[in-house]
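**Q** Before we start, here is the structure in question, set down as structure tokens.
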Protein chains: 2
Amino acid sequence: MATIFNFRMMEPAPLEHLDVLRAKSGVEVDREIYSFKDKGGRDIGLRFDLTVGMTRYVCTRRELRPPIKLASLSGAWRYDEPQHARYRWFRQWDLEIFGPPSIGADAEVIEATHRLFKSLGIGFTVQVGDREAVQSYISQVLGVKDAERAAEMMRALDKVQKKTAGELKAEYVAKGFSAEEVEKLLGFGAIRGDPGKVLSRLGEEGVQAPALVALADNLSGRGIQTEFNLSIVRGLDYYTGVVFEVLDTSHPDLGSLAGGGRYDLLPGSFGRTDLSATGAAGGMERIALSLSDGSEGRSVPVYVAVTGKGGQKAGHRVLNELRDKGVPAESALSDRALAKQLEDARRMGVKWVVILGDKEELSGMITLRNMVDRTEEVVPLSTALRRIKQA
Amino acid sequence: MATIFNFRMMEPAPLEHLDVLRAKSGVEVDREIYSFKDKGGRDIGLRFDLTVGMTRYVCTRRELRPPIKLASLSGAWRYDEPQHARYRWFRQWDLEIFGPPSIGADAEVIEATHRLFKSLGIGFTVQVGDREAVQSYISQVLGVKDAERAAEMMRALDKVQKKTAGELKAEYVAKGFSAEEVEKLLGFGAIRGDPGKVLSRLGEEGVQAPALVALADNLSGRGIQTEFNLSIVRGLDYYTGVVFEVLDTSHPDLGSLAGGGRYDLLPGSFGRTDLSATGAAGGMERIALSLSDGSEGRSVPVYVAVTGKGGQKAGHRVLNELRDKGVPAESALSDRALAKQLEDARRMGVKWVVILGDKEELSGMITLRNMVDRTEEVVPLSTALRRIKQA
């Protein structure tokens with residue numbers, strides 16, 4: 001997917017100075033950074049995601065011409081209690097675009113993400129939110145101007161998918177918000193669905209959402225279907241504009257399959273206020289599971305079985321010819337009875353066995369056994385190669 | 001290469017308990033292990049190669065049926081002073097075969113390594129040694145039975161490529177060896193060349209080398225050319241049988257491109273005395289350099305340039321069609337004059353530009369510009385796709 005959208009693959013540095021990692025992490029992730037002092041006494045951390053390292057890389061390379069489109073597929077570490085499907089070392093995919101702010105970049109990331117999941121055949125929806133629309137609602141409509149209180153309200157929206165409205169109301173009234181304010185906020189967070197409908201609801205609420213208007217237009221031109229969902233706000237200290245999550249429609253309880261959005265402040269923390277950034281990332285575990293369905297039966301297609309001195313000599317020749325043509329092939333590494341070799345081939349799930357003995361060595365023919373329908377024929381090697389390549 | 005020889009790809013754990021890493025490392029590497037205490041107070045190290053993790057993996061998986069052929073292509077860490085082409089984090093390729101001892105396994109590893117370098121078009125030779133032949137010479141011919149003194153003599157052979165005979169003689173006489181012993185040893189280490197000749201020289205010296213005899217036969221069956229070289233001994237505490245190195249014939253000063261051999265003791269340190277092991281590994285820097293020669297000019301083949309409202313709409317449609325067909329394609333992420341878009345395409349080294357404006361949107365045709373010979377034609381998209389795919 002990265003290739004057809006012309007993202008260049010890279011791998012960010014696995015170790016970073018701890019303060020570089022902390023530029024993104026926030027309090028929660030900070031606890032999970034796998035950090036230590038190295039032998040030179042420096043505070044070092046293992047990368048907890050790929051974004052920080054990719055951003056640092058781009059920010060220190062002034063010769064790169066924006067827009068800079070990078071992708072990565074690598075592991076990251078979190079010092080977390082290992083639990084089901086949550087490991088201390090896990091793999092992520094990651095797409096990032098750095099350059100001037102452009103809704104086209106957000107749309108490009110969303111489209112590439114959408115195509116990735118579509119190609120996997122997983123049932124999913126892409127839910128898109130907008131931090132600026134939420135901020136506009138909180139400050140203009142609810143009239144909450146205090147930054148700390150506004151951030152607290154945004155945090156409430158982030159909890160909508162984990163807590164009931166009643167729980168959230170009780171929690172926020174205890175924090176000193178009025179019941180009416182909380183109700184209105186939750187009502188706003190419940191606005192979701194078709195982009196056109198969401199945009200007209202936002203208009204009725206008196207909320208400015210120019211990014212979502214432009215994004216809806218751009219995505220519709222690309223033929224990409226998403227839902228707009230005002231309760232999607234994501235990492236509070238980090239994202240600044242359009243944000244999105246990919247939800248598994250058949251397992252909504254499993255949380256998001258991937259997420260992303262615009263994070264224009266991070267490049268500035270590396271001295272590049274001229275760059276804005278938007279991207280997406282997701283875990284590989286679910287993708288690997290989905291892909292492994294089709295490939296469980298992966299096996300080498302050809303086994304070369306030999307018997308006798310002549311067979312061994314011919315065996316090497318046939319293996320070379322197969323491998324020269326790029327056909328994966330396997331054979332025994334030490335002397336083994338023919339019956340045992342056929343048993344090995346069956347266990348490996350091999351479809352074709354080439355059998356070579358003294359007779360075959362003399363005649364220049366080989367015996368080709370199809371292990372699936374259990375037929376055998378004596379043919380020249382070239383014919384056997386054709387059969388194998390066709391199947 | 002791993003695939004056509006039916007090695008399964010894996011990635012070993014990046015972190016190991018320090019004592020696991022020390023099972024292989026020896027004193028020299030021990031200093032270079034990037035180690036630390038984790039937040040739980042455990043002594044942890046970053047892997048310094050791939051072999052240890054692969055061996056631990058195999059040794060703890062009793063359900064795997066030997067021979068177990070594994071390959072990996074991953075990074076490793078050494079806490080070393082960074083210097084030219086020597087980094088704290090570097091990438092390695094690695095091939096390993098675990099199973100009953102078999103010279104066929106050694107030959108398979110050597111053949112796969114040989115094919116790897118042959119496919120890269122690097123001028124190289126594979127130099128094969130045998131620890132047992134060297135031990136036999138030292139104990140039977142030189143009569144050195146003391147294990148410590150024998151190991152000291154083997155260390156001398158390991159230095160043949162870095163020091164002159166005079167230096168080595170002085171060094172070893174100072175250590176209490178007789179001048180005659182050292183001269184004989186260096187003469188033995190100078191035995192190298194065509195396998196047949198080396199084997200007959202070994203016979204004259206009264207040295208038993210059954211592994212080399214079987215290996216020469218097996219490799220000649222496979223059609224693989226190597227040189228036998230009795231000064232190749234490699235990591236002293238680790239290797240136990242056939243060892244080899246790949247030397248760059250045009251840059252012999254750069255040291256070995258790759259190396260490997262039999263290390264039957266390591267599985268035992270993980271409780272599996274039933275398994276023997278042989279493998280090879282090499283750094284990716286040189287391979288990456290060699291490969292990058294041909295791919296410096298890597299670029300996306302198609303740029304979709306748009307102008308006017310109609311062009312933008314058509315642009316999304318054409319991009320989708322290209323990407324649906326797996327053709328990497330790029331376009332501007334925000335409004336940009338046509339001349340600027342063509343400039344971007346030229347800078348990216350794009351060969352084909354599809355130009356879409358209001359006229360094209362209406363006619364259903366597109367303008368296809370070949371950036372190499374600067375020709376343009378107005379054709380249906382399907383024709384353009386055919387041109388692009390042919391080129």
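Residue names in the structure tokens use chain letters A, B, ... in the order shown, residue numbers from 1 in each chain, and ligand numbers from 1 in the order shown.
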Only residues of chain B matter here; which ones have an atom within 9 Å of chain A, counting only C-alpha atoms? Give them as number ranges by chain.

**A** B: 1-6, 13-15, 34-39, 67, 79, 89, 102-105, 107-108, 218, 221-223, 299-300, 312-317, 319-320, 322-324, 326-330, 332-334

**Q** Can you list, as a list of chain:residue names, every protein, DNA or RNA residue that comes within 8 Å of region 70-72 of chain B when you count only C-alpha atoms, leaving out same-chain residues fewer than 3 positions away?

**A**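 Within the cut-off, the hits are B:Ala2, B:Phe7, B:Arg8, B:Met9, B:Met10, B:Glu11, B:Pro12, B:Leu50, B:Met54, B:Gln92, B:Trp93, B:Asp94, B:Leu95, B:Glu96, B:Ile97.
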
**Q** Write out as a VMD selection string all residues of region 83-120 of chain A that DSSP puts in alpha helix (DSSP H) for this structure's backbone.

**A** chain A and resid 103 to 120

**Q** Tell me which protein, DNA and RNA residues are within 12 Å of Val354 (chain A), counting only C-alpha atoms, leaving out same-chain ones fewer than 5 positions away, and put them as a PyMOL selection string.

**A** chain A and resi 301-307+311+314-319+322+329-331+338+341-342+345+360+365-371+376-385+387-388

**Q** One decimal, in Å: what's the spacing between CA of Asp237 (chain B) and CA of Ile287 (chain B)?

**A** 28.1 Å

**Q** In Å, rounded to a single decimal, give me how far CA of Ser178 (chain B) is from CA of Val144 (chain B).

**A**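 Interatomic distance, CA of Val144 (chain B) to CA of Ser178 (chain B): 11.6 Å.
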
**Q** Run DSSP on the backbone and grab whatever in region 23-262 of chain A lands in strand (DSSP E or B); send it over as an mmCIF file with N, CA and C atoms, in the first residue's frame.

**A**
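New file out31.cif:
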```cif
data_model
loop_
_atom_site.group_PDB
_atom_site.id
_atom_site.type_symbol
_atom_site.label_atom_id
_atom_site.label_comp_id
_atom_site.auth_asym_id
_atom_site.auth_seq_id
_atom_site.Cartn_x
_atom_site.Cartn_y
_atom_site.Cartn_z
ATOM 1 N N SER A 35 13.041 2.459 29.368
ATOM 2 C CA SER A 35 14.188 3.365 29.445
ATOM 3 C C SER A 35 15.267 2.823 30.368
ATOM 4 N N PHE A 36 16.476 3.317 30.205
ATOM 5 C CA PHE A 36 17.599 2.855 31.004
ATOM 6 C C PHE A 36 18.771 3.813 30.813
ATOM 7 N N LYS A 37 19.762 3.648 31.646
ATOM 8 C CA LYS A 37 21.010 4.384 31.430
ATOM 9 C C LYS A 37 21.927 3.480 30.620
ATOM 10 N N ASP A 43 20.700 8.838 29.468
ATOM 11 C CA ASP A 43 19.329 8.341 29.579
ATOM 12 C C ASP A 43 18.806 8.034 28.190
ATOM 13 N N ILE A 44 18.514 6.743 27.969
ATOM 14 C CA ILE A 44 18.142 6.232 26.654
ATOM 15 C C ILE A 44 16.794 5.538 26.783
ATOM 16 N N GLY A 45 16.016 5.545 25.707
ATOM 17 C CA GLY A 45 14.785 4.771 25.713
ATOM 18 C C GLY A 45 14.646 4.017 24.407
ATOM 19 N N LEU A 46 13.979 2.850 24.471
ATOM 20 C CA LEU A 46 13.633 2.135 23.242
ATOM 21 C C LEU A 46 12.394 2.821 22.660
ATOM 22 N N ILE A 68 6.933 15.317 2.290
ATOM 23 C CA ILE A 68 7.776 14.161 2.532
ATOM 24 C C ILE A 68 6.859 13.028 2.996
ATOM 25 N N LYS A 69 6.783 11.972 2.196
ATOM 26 C CA LYS A 69 5.859 10.872 2.512
ATOM 27 C C LYS A 69 6.675 9.648 2.926
ATOM 28 N N LEU A 70 6.564 9.250 4.164
ATOM 29 C CA LEU A 70 7.364 8.135 4.677
ATOM 30 C C LEU A 70 6.475 7.047 5.257
ATOM 31 N N ALA A 71 6.942 5.817 5.133
ATOM 32 C CA ALA A 71 6.230 4.689 5.728
ATOM 33 C C ALA A 71 7.221 3.810 6.466
ATOM 34 N N SER A 72 6.751 3.095 7.447
ATOM 35 C CA SER A 72 7.605 2.177 8.178
ATOM 36 C C SER A 72 6.799 0.978 8.651
ATOM 37 N N LEU A 73 7.500 -0.106 8.879
ATOM 38 C CA LEU A 73 6.879 -1.346 9.333
ATOM 39 C C LEU A 73 7.898 -1.957 10.265
ATOM 40 N N SER A 74 7.790 -1.679 11.554
ATOM 41 C CA SER A 74 8.870 -2.051 12.465
ATOM 42 C C SER A 74 8.307 -2.311 13.861
ATOM 43 N N GLY A 75 9.183 -2.781 14.732
ATOM 44 C CA GLY A 75 8.777 -3.071 16.095
ATOM 45 C C GLY A 75 8.960 -1.887 17.017
ATOM 46 N N ALA A 76 8.235 -1.906 18.145
ATOM 47 C CA ALA A 76 8.401 -0.877 19.174
ATOM 48 C C ALA A 76 8.209 -1.558 20.534
ATOM 49 N N TRP A 77 8.632 -0.872 21.574
ATOM 50 C CA TRP A 77 8.638 -1.454 22.914
ATOM 51 C C TRP A 77 7.827 -0.616 23.895
ATOM 52 N N GLN A 83 0.073 -8.915 28.386
ATOM 53 C CA GLN A 83 -1.228 -9.552 28.515
ATOM 54 C C GLN A 83 -1.683 -9.986 27.130
ATOM 55 N N ARG A 86 -1.123 -8.138 23.856
ATOM 56 C CA ARG A 86 -0.436 -6.899 24.234
ATOM 57 C C ARG A 86 0.923 -7.298 24.748
ATOM 58 N N TRP A 89 7.013 -6.072 23.165
ATOM 59 C CA TRP A 89 7.544 -5.747 21.848
ATOM 60 C C TRP A 89 6.462 -6.076 20.847
ATOM 61 N N PHE A 90 6.110 -5.117 20.036
ATOM 62 C CA PHE A 90 5.021 -5.323 19.089
ATOM 63 C C PHE A 90 5.404 -4.613 17.784
ATOM 64 N N ARG A 91 4.705 -5.000 16.719
ATOM 65 C CA ARG A 91 5.018 -4.409 15.419
ATOM 66 C C ARG A 91 3.938 -3.441 14.995
ATOM 67 N N GLN A 92 4.352 -2.387 14.362
ATOM 68 C CA GLN A 92 3.410 -1.403 13.870
ATOM 69 C C GLN A 92 3.685 -1.091 12.409
ATOM 70 N N TRP A 93 2.626 -0.683 11.699
ATOM 71 C CA TRP A 93 2.833 -0.016 10.414
ATOM 72 C C TRP A 93 2.571 1.462 10.653
ATOM 73 N N ASP A 94 3.135 2.299 9.830
ATOM 74 C CA ASP A 94 3.070 3.730 10.073
ATOM 75 C C ASP A 94 3.234 4.483 8.754
ATOM 76 N N LEU A 95 2.354 5.439 8.516
ATOM 77 C CA LEU A 95 2.425 6.305 7.333
ATOM 78 C C LEU A 95 2.440 7.740 7.810
ATOM 79 N N GLU A 96 3.330 8.571 7.294
ATOM 80 C CA GLU A 96 3.370 9.973 7.720
ATOM 81 C C GLU A 96 3.596 10.871 6.516
ATOM 82 N N ILE A 97 2.960 12.043 6.538
ATOM 83 C CA ILE A 97 3.224 13.073 5.519
ATOM 84 C C ILE A 97 3.610 14.365 6.232
ATOM 85 N N PHE A 98 4.778 14.882 5.911
ATOM 86 C CA PHE A 98 5.269 16.136 6.477
ATOM 87 C C PHE A 98 5.315 17.185 5.372
ATOM 88 N N GLY A 99 4.849 18.389 5.661
ATOM 89 C CA GLY A 99 4.902 19.447 4.653
ATOM 90 C C GLY A 99 4.013 20.595 5.067
ATOM 91 N N PHE A 124 -14.736 -3.068 8.340
ATOM 92 C CA PHE A 124 -14.257 -1.946 9.155
ATOM 93 C C PHE A 124 -14.979 -0.663 8.771
ATOM 94 N N THR A 125 -14.946 0.328 9.676
ATOM 95 C CA THR A 125 -15.347 1.685 9.301
ATOM 96 C C THR A 125 -14.239 2.628 9.722
ATOM 97 N N VAL A 126 -14.112 3.726 8.970
ATOM 98 C CA VAL A 126 -13.185 4.785 9.362
ATOM 99 C C VAL A 126 -14.014 5.913 9.975
ATOM 100 N N GLN A 127 -13.732 6.221 11.235
ATOM 101 C CA GLN A 127 -14.456 7.245 11.984
ATOM 102 C C GLN A 127 -13.569 8.483 12.098
ATOM 103 N N VAL A 128 -14.070 9.603 11.566
ATOM 104 C CA VAL A 128 -13.249 10.806 11.499
ATOM 105 C C VAL A 128 -13.774 11.887 12.436
ATOM 106 N N GLY A 129 -12.899 12.448 13.237
ATOM 107 C CA GLY A 129 -13.257 13.572 14.098
ATOM 108 C C GLY A 129 -12.405 14.782 13.772
ATOM 109 N N ASP A 130 -12.637 15.876 14.485
ATOM 110 C CA ASP A 130 -11.901 17.115 14.215
ATOM 111 C C ASP A 130 -11.729 17.887 15.517
ATOM 112 N N ARG A 192 -22.755 11.759 14.788
ATOM 113 C CA ARG A 192 -21.914 10.896 13.948
ATOM 114 C C ARG A 192 -22.708 10.358 12.775
ATOM 115 N N GLY A 193 -22.051 9.889 11.770
ATOM 116 C CA GLY A 193 -22.715 9.292 10.618
ATOM 117 C C GLY A 193 -22.166 9.850 9.315
ATOM 118 N N GLU A 227 -17.177 7.685 8.161
ATOM 119 C CA GLU A 227 -18.192 8.306 9.008
ATOM 120 C C GLU A 227 -17.524 9.427 9.774
ATOM 121 N N PHE A 228 -18.225 10.539 9.928
ATOM 122 C CA PHE A 228 -17.708 11.585 10.801
ATOM 123 C C PHE A 228 -18.257 11.301 12.197
ATOM 124 N N ASN A 229 -17.446 11.512 13.208
ATOM 125 C CA ASN A 229 -17.828 11.127 14.571
ATOM 126 C C ASN A 229 -17.159 12.121 15.525
ATOM 127 N N VAL A 242 -7.629 17.191 12.210
ATOM 128 C CA VAL A 242 -8.413 16.012 11.842
ATOM 129 C C VAL A 242 -7.812 14.783 12.524
ATOM 130 N N VAL A 243 -8.646 13.967 13.149
ATOM 131 C CA VAL A 243 -8.205 12.709 13.757
ATOM 132 C C VAL A 243 -9.119 11.599 13.273
ATOM 133 N N PHE A 244 -8.627 10.352 13.270
ATOM 134 C CA PHE A 244 -9.517 9.266 12.842
ATOM 135 C C PHE A 244 -9.110 7.946 13.462
ATOM 136 N N GLU A 245 -10.074 7.031 13.497
ATOM 137 C CA GLU A 245 -9.819 5.682 13.981
ATOM 138 C C GLU A 245 -10.471 4.689 13.040
ATOM 139 N N VAL A 246 -9.870 3.521 12.929
ATOM 140 C CA VAL A 246 -10.460 2.442 12.137
ATOM 141 C C VAL A 246 -11.052 1.445 13.121
ATOM 142 N N LEU A 247 -12.353 1.202 13.021
ATOM 143 C CA LEU A 247 -12.996 0.249 13.924
ATOM 144 C C LEU A 247 -13.341 -1.028 13.178
ATOM 145 N N ASP A 248 -13.173 -2.148 13.844
ATOM 146 C CA ASP A 248 -13.513 -3.458 13.294
ATOM 147 C C ASP A 248 -15.011 -3.649 13.508
ATOM 148 N N SER A 256 -9.814 0.145 18.523
ATOM 149 C CA SER A 256 -9.521 0.532 17.145
ATOM 150 C C SER A 256 -8.421 -0.339 16.547
ATOM 151 N N LEU A 257 -8.536 -0.576 15.240
ATOM 152 C CA LEU A 257 -7.535 -1.333 14.488
ATOM 153 C C LEU A 257 -6.355 -0.449 14.127
ATOM 154 N N ALA A 258 -6.609 0.852 14.068
ATOM 155 C CA ALA A 258 -5.573 1.808 13.671
ATOM 156 C C ALA A 258 -6.105 3.194 13.989
ATOM 157 N N GLY A 259 -5.217 4.161 14.000
ATOM 158 C CA GLY A 259 -5.659 5.520 14.254
ATOM 159 C C GLY A 259 -4.633 6.492 13.747
ATOM 160 N N GLY A 260 -5.060 7.742 13.655
ATOM 161 C CA GLY A 260 -4.116 8.738 13.188
ATOM 162 C C GLY A 260 -4.719 10.118 13.230
ATOM 163 N N GLY A 261 -4.018 11.037 12.592
ATOM 164 C CA GLY A 261 -4.503 12.409 12.538
ATOM 165 C C GLY A 261 -3.371 13.394 12.398
ATOM 166 N N ARG A 262 -3.754 14.647 12.490
ATOM 167 C CA ARG A 262 -2.818 15.750 12.282
ATOM 168 C C ARG A 262 -2.167 16.120 13.609
#
```

**Q** One number please: CA of Gln140 (chain A) to CA of Val207 (chain A), in Å, one decimal.

**A**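 Going from CA of Gln140 (chain A) over to CA of Val207 (chain A), I get 7.7 Å.
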